[in-house]
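Undergrad: Below: one structure in C-alpha cells.
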Amino acid sequence: MSEKAELAAVTAYFGVSWPELNEGLTYHDIVRPTDAGLTLIEFYFRKYKNSAPLQGWLQRIQNKQITIDGKVVILPDTELRSHLAGAELVYHRLPWREPDAPYLLEVLFEDDYLIVVNKPSGLQVLPGGLYQQRSILTQLQWHACKPTTTSSGCQKTHPVPVHRLGRGTSGILLCAKTKLCKSRLAAYFAEGTSVVEDKCTNSECNTMRKICKIYRALVSGVMDMDEVVIKQPIGTIKYPGVAKGLYVASPSGKPALSSVRVLERDSENNCTLVQVEIQSGRPHQIRIHLSFIGYPLIGDPLYVSGGQPKCFHPELMDESFEKDGGYQRLENPVPGDCGYNLHAHQIGLIHPITNELIKITAPLPAILQTREEREAS
C-alpha cells in the first residue's frame, strides 16, 4: 500500500428511525430421533440453556410461544415421542423494545460493487443479543428496499458488511453489494491475518497486504515511547454473558499484530492520542493490545491493564429472569458496552473488482483530533 491512494468520498446519508418494538424472532428446530423421550421443557432448557433459566422456559411454554408442526403446546411435560421425529419445533420470541441506538449512516464511498459507511458509536454491525433489529445490516436491508425512480421494489441483493467493528467503535465499515465483491474482500482480511500467523516482520506484512486499516484511539496514561509494535496473542476465556467466551490477551491465543504511534501527549489530563494500524483482525484487538501494554482506552468498561477484564462476581449470578423469560442482564461489563473512544479513521485498499487503489477517510470526532487538526477545522 505504498503508492499514493486517491481519496474517494461522497456526501450522503441514509437511515430510517427505529420502531418502538422490533418484530420479535422465531427459532426453528427439527425433532431428531435422539430427542425421543425428552419433554418439551427438557429439550429447550438443554439446547438453549444460555437463553433462559428453567423457570423462564416454563413461562414461555405456558405463554403459548412454542408450537409443534404449527400447533401451540402449553404443557411443559409434553413428551417428544419417537413418532414426532422430523416434526418442526418453533419458539416465537415476543417483540421487545431494543436499547437506544443511532440509525443515520453517512456514506463515505459508493460504486456498483461497494458501499462504505461511517458507523456511529453505539450501533451494532450485525444483529445479536438484545439488538436483533437495531443494526447496520437492518438499515442496509431497508435502504435496498427503498423505492427509487427506476425501481419500486427491493433490489435482488442488498449490501452486507464484510467485517465487524465493536458497538462502541465508530468509523469506516466496508459493505459489499455483490457476492464476488464480498468474497474478495473477505479474502483480503483473511490474507492479512494469515500473514501475521506466518510470523512475518512488520515491514513484510505491509508489503504483502491488499488492505490497510488505521484507527485513532484515546488511551489512559502518558505513553513514554513514540512507537510500539504489539505482538501479543489473543484467545478466549469463559465469561458470564458471553456464550462463546471473552477475547483477552492470552499466551495460548492466536497471533495478532498492532502498530501504535503516538500523535499527542496530554500530561495534564493523563492521556495519549494514538494512531493504530492493525495487520490482523482479532475481535477487540486494539482494546486488548493497548490495555495489555498498560494503556487501556479511556472509558473502556471492560478491559484493564494486562488485556484482561475487570473483576466480576460470579457469586452474584442468579436465576432471575426478564419479562420474556430470558436472563436478566448481568452487572459485569460485556464487549458491546460503550464509553471508549476508538475510530476506524482510514482504509486503503485495492478495489476488489476494478483493482484501483483507493483511500477512504472517516471524519474524526473532535476528541480524537490533535490540537492542530482542531484548529484547522
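Naming scheme: A, B, ... for chains in displayed order of the C-alpha cells; residues 1 onward per chain; ligands 1 onward as shown.
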Per residue of region 89-134 of chain A within 10 Å of region 163-173 of chain A, which atom pair is closest and at what distance in Å (one decimal), using only C-alpha atoms, listed by chain and increasing number, as JSON lines?
TA:
{"residue": "A:Ala101", "atom": "CA", "partner": "A:Arg167", "partner_atom": "CA", "distance": 9.7}
{"residue": "A:Glu106", "atom": "CA", "partner": "A:Ile172", "partner_atom": "CA", "distance": 9.8}
{"residue": "A:Val107", "atom": "CA", "partner": "A:Ile172", "partner_atom": "CA", "distance": 9.5}
{"residue": "A:Leu108", "atom": "CA", "partner": "A:Ile172", "partner_atom": "CA", "distance": 8.0}
{"residue": "A:Phe109", "atom": "CA", "partner": "A:Ile172", "partner_atom": "CA", "distance": 9.9}
{"residue": "A:Ile115", "atom": "CA", "partner": "A:Leu173", "partner_atom": "CA", "distance": 8.6}
{"residue": "A:Val116", "atom": "CA", "partner": "A:Leu173", "partner_atom": "CA", "distance": 5.7}
{"residue": "A:Val117", "atom": "CA", "partner": "A:Leu173", "partner_atom": "CA", "distance": 5.4}
{"residue": "A:Asn118", "atom": "CA", "partner": "A:Gly171", "partner_atom": "CA", "distance": 4.8}
{"residue": "A:Lys119", "atom": "CA", "partner": "A:Gly171", "partner_atom": "CA", "distance": 4.9}
{"residue": "A:Pro120", "atom": "CA", "partner": "A:Ser170", "partner_atom": "CA", "distance": 4.8}
{"residue": "A:Ser121", "atom": "CA", "partner": "A:Ser170", "partner_atom": "CA", "distance": 4.6}
{"residue": "A:Gly122", "atom": "CA", "partner": "A:Gly168", "partner_atom": "CA", "distance": 5.1}
{"residue": "A:Leu123", "atom": "CA", "partner": "A:Arg167", "partner_atom": "CA", "distance": 5.4}
{"residue": "A:Gln124", "atom": "CA", "partner": "A:Arg167", "partner_atom": "CA", "distance": 4.7}
{"residue": "A:Val125", "atom": "CA", "partner": "A:Arg164", "partner_atom": "CA", "distance": 6.3}
{"residue": "A:Leu126", "atom": "CA", "partner": "A:Arg164", "partner_atom": "CA", "distance": 8.0}
Undergrad: Can you tell me which residues surround region 213-225 of chain A at a distance of at most 6 Å, considering only C-alpha atoms, apart from same-chain residues fewer than 5 positions away, and format the answer as a PDB file with all heavy atoms, in the first residue's frame?
TA:
ATOM      1  N   ASN A 270      -3.524  13.276  31.762  1.00  0.00           N
ATOM      2  CA  ASN A 270      -3.006  11.917  31.853  1.00  0.00           C
ATOM      3  C   ASN A 270      -3.573  11.005  30.754  1.00  0.00           C
ATOM      4  O   ASN A 270      -4.126   9.935  31.024  1.00  0.00           O
ATOM      5  CB  ASN A 270      -3.317  11.313  33.229  1.00  0.00           C
ATOM      6  CG  ASN A 270      -2.567  10.009  33.460  1.00  0.00           C
ATOM      7  OD1 ASN A 270      -1.414   9.856  33.030  1.00  0.00           O
ATOM      8  ND2 ASN A 270      -3.206   9.051  34.120  1.00  0.00           N
ATOM      9  N   CYS A 271      -3.424  11.447  29.513  1.00  0.00           N
ATOM     10  CA  CYS A 271      -3.912  10.637  28.400  1.00  0.00           C
ATOM     11  C   CYS A 271      -3.017  10.835  27.176  1.00  0.00           C
ATOM     12  O   CYS A 271      -2.216  11.773  27.116  1.00  0.00           O
ATOM     13  CB  CYS A 271      -5.362  10.972  28.061  1.00  0.00           C
ATOM     14  SG  CYS A 271      -5.648  12.661  27.549  1.00  0.00           S
ATOM     15  N   THR A 272      -3.165   9.944  26.210  1.00  0.00           N
ATOM     16  CA  THR A 272      -2.369   9.986  24.989  1.00  0.00           C
ATOM     17  C   THR A 272      -3.262   9.672  23.799  1.00  0.00           C
ATOM     18  O   THR A 272      -4.058   8.727  23.836  1.00  0.00           O
ATOM     19  CB  THR A 272      -1.224   8.956  25.044  1.00  0.00           C
ATOM     20  OG1 THR A 272      -0.446   9.157  26.233  1.00  0.00           O
ATOM     21  CG2 THR A 272      -0.317   9.086  23.818  1.00  0.00           C
ATOM     22  N   LEU A 273      -3.107  10.478  22.754  1.00  0.00           N
ATOM     23  CA  LEU A 273      -3.813  10.229  21.499  1.00  0.00           C
ATOM     24  C   LEU A 273      -2.897   9.408  20.608  1.00  0.00           C
ATOM     25  O   LEU A 273      -1.753   9.790  20.357  1.00  0.00           O
ATOM     26  CB  LEU A 273      -4.165  11.556  20.818  1.00  0.00           C
ATOM     27  CG  LEU A 273      -4.925  11.462  19.496  1.00  0.00           C
ATOM     28  CD1 LEU A 273      -6.302  10.847  19.690  1.00  0.00           C
ATOM     29  CD2 LEU A 273      -5.047  12.849  18.852  1.00  0.00           C
ATOM     30  N   VAL A 274      -3.384   8.262  20.135  1.00  0.00           N
ATOM     31  CA  VAL A 274      -2.533   7.367  19.352  1.00  0.00           C
ATOM     32  C   VAL A 274      -3.198   6.989  18.029  1.00  0.00           C
ATOM     33  O   VAL A 274      -4.419   7.048  17.877  1.00  0.00           O
ATOM     34  CB  VAL A 274      -2.192   6.072  20.131  1.00  0.00           C
ATOM     35  CG1 VAL A 274      -1.413   6.383  21.384  1.00  0.00           C
ATOM     36  CG2 VAL A 274      -3.453   5.277  20.452  1.00  0.00           C
ATOM     37  N   GLN A 275      -2.352   6.604  17.098  1.00  0.00           N
ATOM     38  CA  GLN A 275      -2.786   6.011  15.838  1.00  0.00           C
ATOM     39  C   GLN A 275      -2.399   4.538  15.872  1.00  0.00           C
ATOM     40  O   GLN A 275      -1.286   4.194  16.278  1.00  0.00           O
ATOM     41  CB  GLN A 275      -2.111   6.710  14.665  1.00  0.00           C
ATOM     42  CG  GLN A 275      -2.368   6.060  13.307  1.00  0.00           C
ATOM     43  CD  GLN A 275      -1.694   6.818  12.182  1.00  0.00           C
ATOM     44  OE1 GLN A 275      -2.049   7.961  11.891  1.00  0.00           O
ATOM     45  NE2 GLN A 275      -0.701   6.195  11.558  1.00  0.00           N
ATOM     46  N   VAL A 276      -3.306   3.688  15.456  1.00  0.00           N
ATOM     47  CA  VAL A 276      -3.050   2.247  15.499  1.00  0.00           C
ATOM     48  C   VAL A 276      -3.332   1.646  14.126  1.00  0.00           C
ATOM     49  O   VAL A 276      -4.414   1.842  13.563  1.00  0.00           O
ATOM     50  CB  VAL A 276      -3.921   1.537  16.556  1.00  0.00           C
ATOM     51  CG1 VAL A 276      -3.527   0.065  16.651  1.00  0.00           C
ATOM     52  CG2 VAL A 276      -3.803   2.221  17.909  1.00  0.00           C
ATOM     53  N   GLU A 277      -2.362   0.914  13.616  1.00  0.00           N
ATOM     54  CA  GLU A 277      -2.548   0.171  12.370  1.00  0.00           C
ATOM     55  C   GLU A 277      -2.542  -1.312  12.713  1.00  0.00           C
ATOM     56  O   GLU A 277      -1.624  -1.792  13.382  1.00  0.00           O
ATOM     57  CB  GLU A 277      -1.432   0.494  11.379  1.00  0.00           C
ATOM     58  CG  GLU A 277      -1.598  -0.190  10.033  1.00  0.00           C
ATOM     59  CD  GLU A 277      -0.517   0.205   9.030  1.00  0.00           C
ATOM     60  OE1 GLU A 277       0.239   1.163   9.312  1.00  0.00           O
ATOM     61  OE2 GLU A 277      -0.416  -0.458   7.985  1.00  0.00           O
ATOM     62  N   TYR A 295      -1.940   0.669  28.764  1.00  0.00           N
ATOM     63  CA  TYR A 295      -2.603   1.915  28.360  1.00  0.00           C
ATOM     64  C   TYR A 295      -4.007   1.612  27.819  1.00  0.00           C
ATOM     65  O   TYR A 295      -4.268   1.720  26.612  1.00  0.00           O
ATOM     66  CB  TYR A 295      -1.774   2.651  27.308  1.00  0.00           C
ATOM     67  CG  TYR A 295      -0.409   3.057  27.797  1.00  0.00           C
ATOM     68  CD1 TYR A 295       0.708   2.258  27.549  1.00  0.00           C
ATOM     69  CD2 TYR A 295      -0.230   4.218  28.538  1.00  0.00           C
ATOM     70  CE1 TYR A 295       1.961   2.610  28.017  1.00  0.00           C
ATOM     71  CE2 TYR A 295       1.016   4.583  29.016  1.00  0.00           C
ATOM     72  CZ  TYR A 295       2.108   3.772  28.756  1.00  0.00           C
ATOM     73  OH  TYR A 295       3.349   4.134  29.231  1.00  0.00           O
ATOM     74  N   PRO A 296      -4.933   1.225  28.706  1.00  0.00           N
ATOM     75  CA  PRO A 296      -6.297   0.927  28.243  1.00  0.00           C
ATOM     76  C   PRO A 296      -6.986   2.169  27.696  1.00  0.00           C
ATOM     77  O   PRO A 296      -6.627   3.300  28.052  1.00  0.00           O
ATOM     78  CB  PRO A 296      -6.989   0.413  29.506  1.00  0.00           C
ATOM     79  CG  PRO A 296      -6.214   1.009  30.633  1.00  0.00           C
ATOM     80  CD  PRO A 296      -4.789   1.092  30.167  1.00  0.00           C
ATOM     81  N   LEU A 297      -7.962   1.961  26.836  1.00  0.00           N
ATOM     82  CA  LEU A 297      -8.714   3.086  26.303  1.00  0.00           C
ATOM     83  C   LEU A 297      -9.473   3.782  27.432  1.00  0.00           C
ATOM     84  O   LEU A 297     -10.058   3.126  28.296  1.00  0.00           O
ATOM     85  CB  LEU A 297      -9.714   2.617  25.239  1.00  0.00           C
ATOM     86  CG  LEU A 297      -9.207   2.558  23.802  1.00  0.00           C
ATOM     87  CD1 LEU A 297      -8.088   1.539  23.640  1.00  0.00           C
ATOM     88  CD2 LEU A 297     -10.352   2.243  22.854  1.00  0.00           C
ATOM     89  N   ILE A 298      -9.439   5.096  27.428  1.00  0.00           N
ATOM     90  CA  ILE A 298     -10.196   5.860  28.417  1.00  0.00           C
ATOM     91  C   ILE A 298     -11.678   5.545  28.260  1.00  0.00           C
ATOM     92  O   ILE A 298     -12.217   5.590  27.156  1.00  0.00           O
ATOM     93  CB  ILE A 298      -9.943   7.368  28.259  1.00  0.00           C
ATOM     94  CG1 ILE A 298      -8.522   7.720  28.714  1.00  0.00           C
ATOM     95  CG2 ILE A 298     -10.958   8.185  29.056  1.00  0.00           C
ATOM     96  CD1 ILE A 298      -8.180   9.179  28.600  1.00  0.00           C
ATOM     97  N   ASN A 341     -13.258   5.707  23.288  1.00  0.00           N
ATOM     98  CA  ASN A 341     -13.122   6.451  22.034  1.00  0.00           C
ATOM     99  C   ASN A 341     -12.156   5.715  21.109  1.00  0.00           C
ATOM    100  O   ASN A 341     -10.939   5.759  21.296  1.00  0.00           O
ATOM    101  CB  ASN A 341     -12.619   7.871  22.303  1.00  0.00           C
ATOM    102  CG  ASN A 341     -13.644   8.714  23.038  1.00  0.00           C
ATOM    103  OD1 ASN A 341     -14.636   9.135  22.466  1.00  0.00           O
ATOM    104  ND2 ASN A 341     -13.413   8.929  24.324  1.00  0.00           N
ATOM    105  N   LEU A 342     -12.724   5.041  20.112  1.00  0.00           N
ATOM    106  CA  LEU A 342     -11.951   4.287  19.121  1.00  0.00           C
ATOM    107  C   LEU A 342     -12.629   4.482  17.774  1.00  0.00           C
ATOM    108  O   LEU A 342     -13.833   4.250  17.643  1.00  0.00           O
ATOM    109  CB  LEU A 342     -11.901   2.809  19.496  1.00  0.00           C
ATOM    110  CG  LEU A 342     -11.178   1.869  18.520  1.00  0.00           C
ATOM    111  CD1 LEU A 342      -9.712   2.261  18.360  1.00  0.00           C
ATOM    112  CD2 LEU A 342     -11.300   0.410  18.997  1.00  0.00           C
ATOM    113  N   HIS A 343     -11.858   4.909  16.773  1.00  0.00           N
ATOM    114  CA  HIS A 343     -12.432   5.311  15.492  1.00  0.00           C
ATOM    115  C   HIS A 343     -11.627   4.730  14.340  1.00  0.00           C
ATOM    116  O   HIS A 343     -10.407   4.898  14.276  1.00  0.00           O
ATOM    117  CB  HIS A 343     -12.432   6.841  15.400  1.00  0.00           C
ATOM    118  CG  HIS A 343     -13.078   7.404  14.174  1.00  0.00           C
ATOM    119  ND1 HIS A 343     -14.435   7.387  13.958  1.00  0.00           N
ATOM    120  CD2 HIS A 343     -12.533   8.022  13.093  1.00  0.00           C
ATOM    121  CE1 HIS A 343     -14.702   7.978  12.797  1.00  0.00           C
ATOM    122  NE2 HIS A 343     -13.572   8.357  12.248  1.00  0.00           N
ATOM    123  N   ALA A 344     -12.323   4.000  13.448  1.00  0.00           N
ATOM    124  CA  ALA A 344     -11.678   3.495  12.225  1.00  0.00           C
ATOM    125  C   ALA A 344     -11.556   4.665  11.261  1.00  0.00           C
ATOM    126  O   ALA A 344     -12.511   5.007  10.556  1.00  0.00           O
ATOM    127  CB  ALA A 344     -12.513   2.370  11.628  1.00  0.00           C
ATOM    128  N   HIS A 345     -10.388   5.272  11.213  1.00  0.00           N
ATOM    129  CA  HIS A 345     -10.195   6.565  10.563  1.00  0.00           C
ATOM    130  C   HIS A 345      -9.923   6.467   9.061  1.00  0.00           C
ATOM    131  O   HIS A 345     -10.495   7.213   8.261  1.00  0.00           O
ATOM    132  CB  HIS A 345      -9.048   7.300  11.262  1.00  0.00           C
ATOM    133  CG  HIS A 345      -8.732   8.641  10.685  1.00  0.00           C
ATOM    134  ND1 HIS A 345      -9.700   9.513  10.246  1.00  0.00           N
ATOM    135  CD2 HIS A 345      -7.533   9.256  10.473  1.00  0.00           C
ATOM    136  CE1 HIS A 345      -9.128  10.620   9.805  1.00  0.00           C
ATOM    137  NE2 HIS A 345      -7.824  10.481   9.913  1.00  0.00           N
ATOM    138  N   GLN A 346      -9.050   5.550   8.672  1.00  0.00           N
ATOM    139  CA  GLN A 346      -8.670   5.459   7.259  1.00  0.00           C
ATOM    140  C   GLN A 346      -8.540   4.001   6.817  1.00  0.00           C
ATOM    141  O   GLN A 346      -8.116   3.144   7.596  1.00  0.00           O
ATOM    142  CB  GLN A 346      -7.332   6.164   7.009  1.00  0.00           C
ATOM    143  CG  GLN A 346      -7.397   7.674   7.179  1.00  0.00           C
ATOM    144  CD  GLN A 346      -6.040   8.320   6.916  1.00  0.00           C
ATOM    145  OE1 GLN A 346      -4.997   7.736   7.212  1.00  0.00           O
ATOM    146  NE2 GLN A 346      -6.054   9.520   6.372  1.00  0.00           N
ATOM    147  N   ILE A 347      -8.919   3.755   5.592  1.00  0.00           N
ATOM    148  CA  ILE A 347      -8.676   2.454   4.971  1.00  0.00           C
ATOM    149  C   ILE A 347      -8.120   2.693   3.576  1.00  0.00           C
ATOM    150  O   ILE A 347      -8.655   3.494   2.810  1.00  0.00           O
ATOM    151  CB  ILE A 347      -9.960   1.596   4.886  1.00  0.00           C
ATOM    152  CG1 ILE A 347     -10.262   0.949   6.240  1.00  0.00           C
ATOM    153  CG2 ILE A 347      -9.823   0.506   3.824  1.00  0.00           C
ATOM    154  CD1 ILE A 347     -11.407  -0.043   6.223  1.00  0.00           C
TER     155      ILE A 347
END
Undergrad: Please tabulate, as CSV, the residues of region 107-185 of chain A that come within 9 Å of region 15-31 of chain A, each with its closest pair of atoms and the distance in Å to one decimal, counting only C-alpha atoms and ordering rows by chain, then residue number upward.
TA:
residue,atom,partner,partner_atom,distance
A:Gln132,CA,A:Asn22,CA,7.7
A:Gln133,CA,A:Asn22,CA,6.2
A:Arg134,CA,A:Trp18,CA,7.0
A:Gln139,CA,A:Gly15,CA,6.1
A:Leu140,CA,A:Gly15,CA,8.4
A:Trp142,CA,A:Val16,CA,7.8
A:His143,CA,A:Gly15,CA,7.2
Undergrad: Running DSSP on the backbone, which parts of region 36-183 of chain A land in alpha helix (DSSP H), as number ranges by chain?
TA: A: 40-47, 54-62, 136-144, 179-183
Undergrad: Can you pull out every residue within 10 Å of Cys311 (chain A), counting only C-alpha atoms, but drop anything in the same chain fewer than 6 positions away, and send it as an MDAnalysis selection string?
TA: chainID A and resid 302:304 332:333
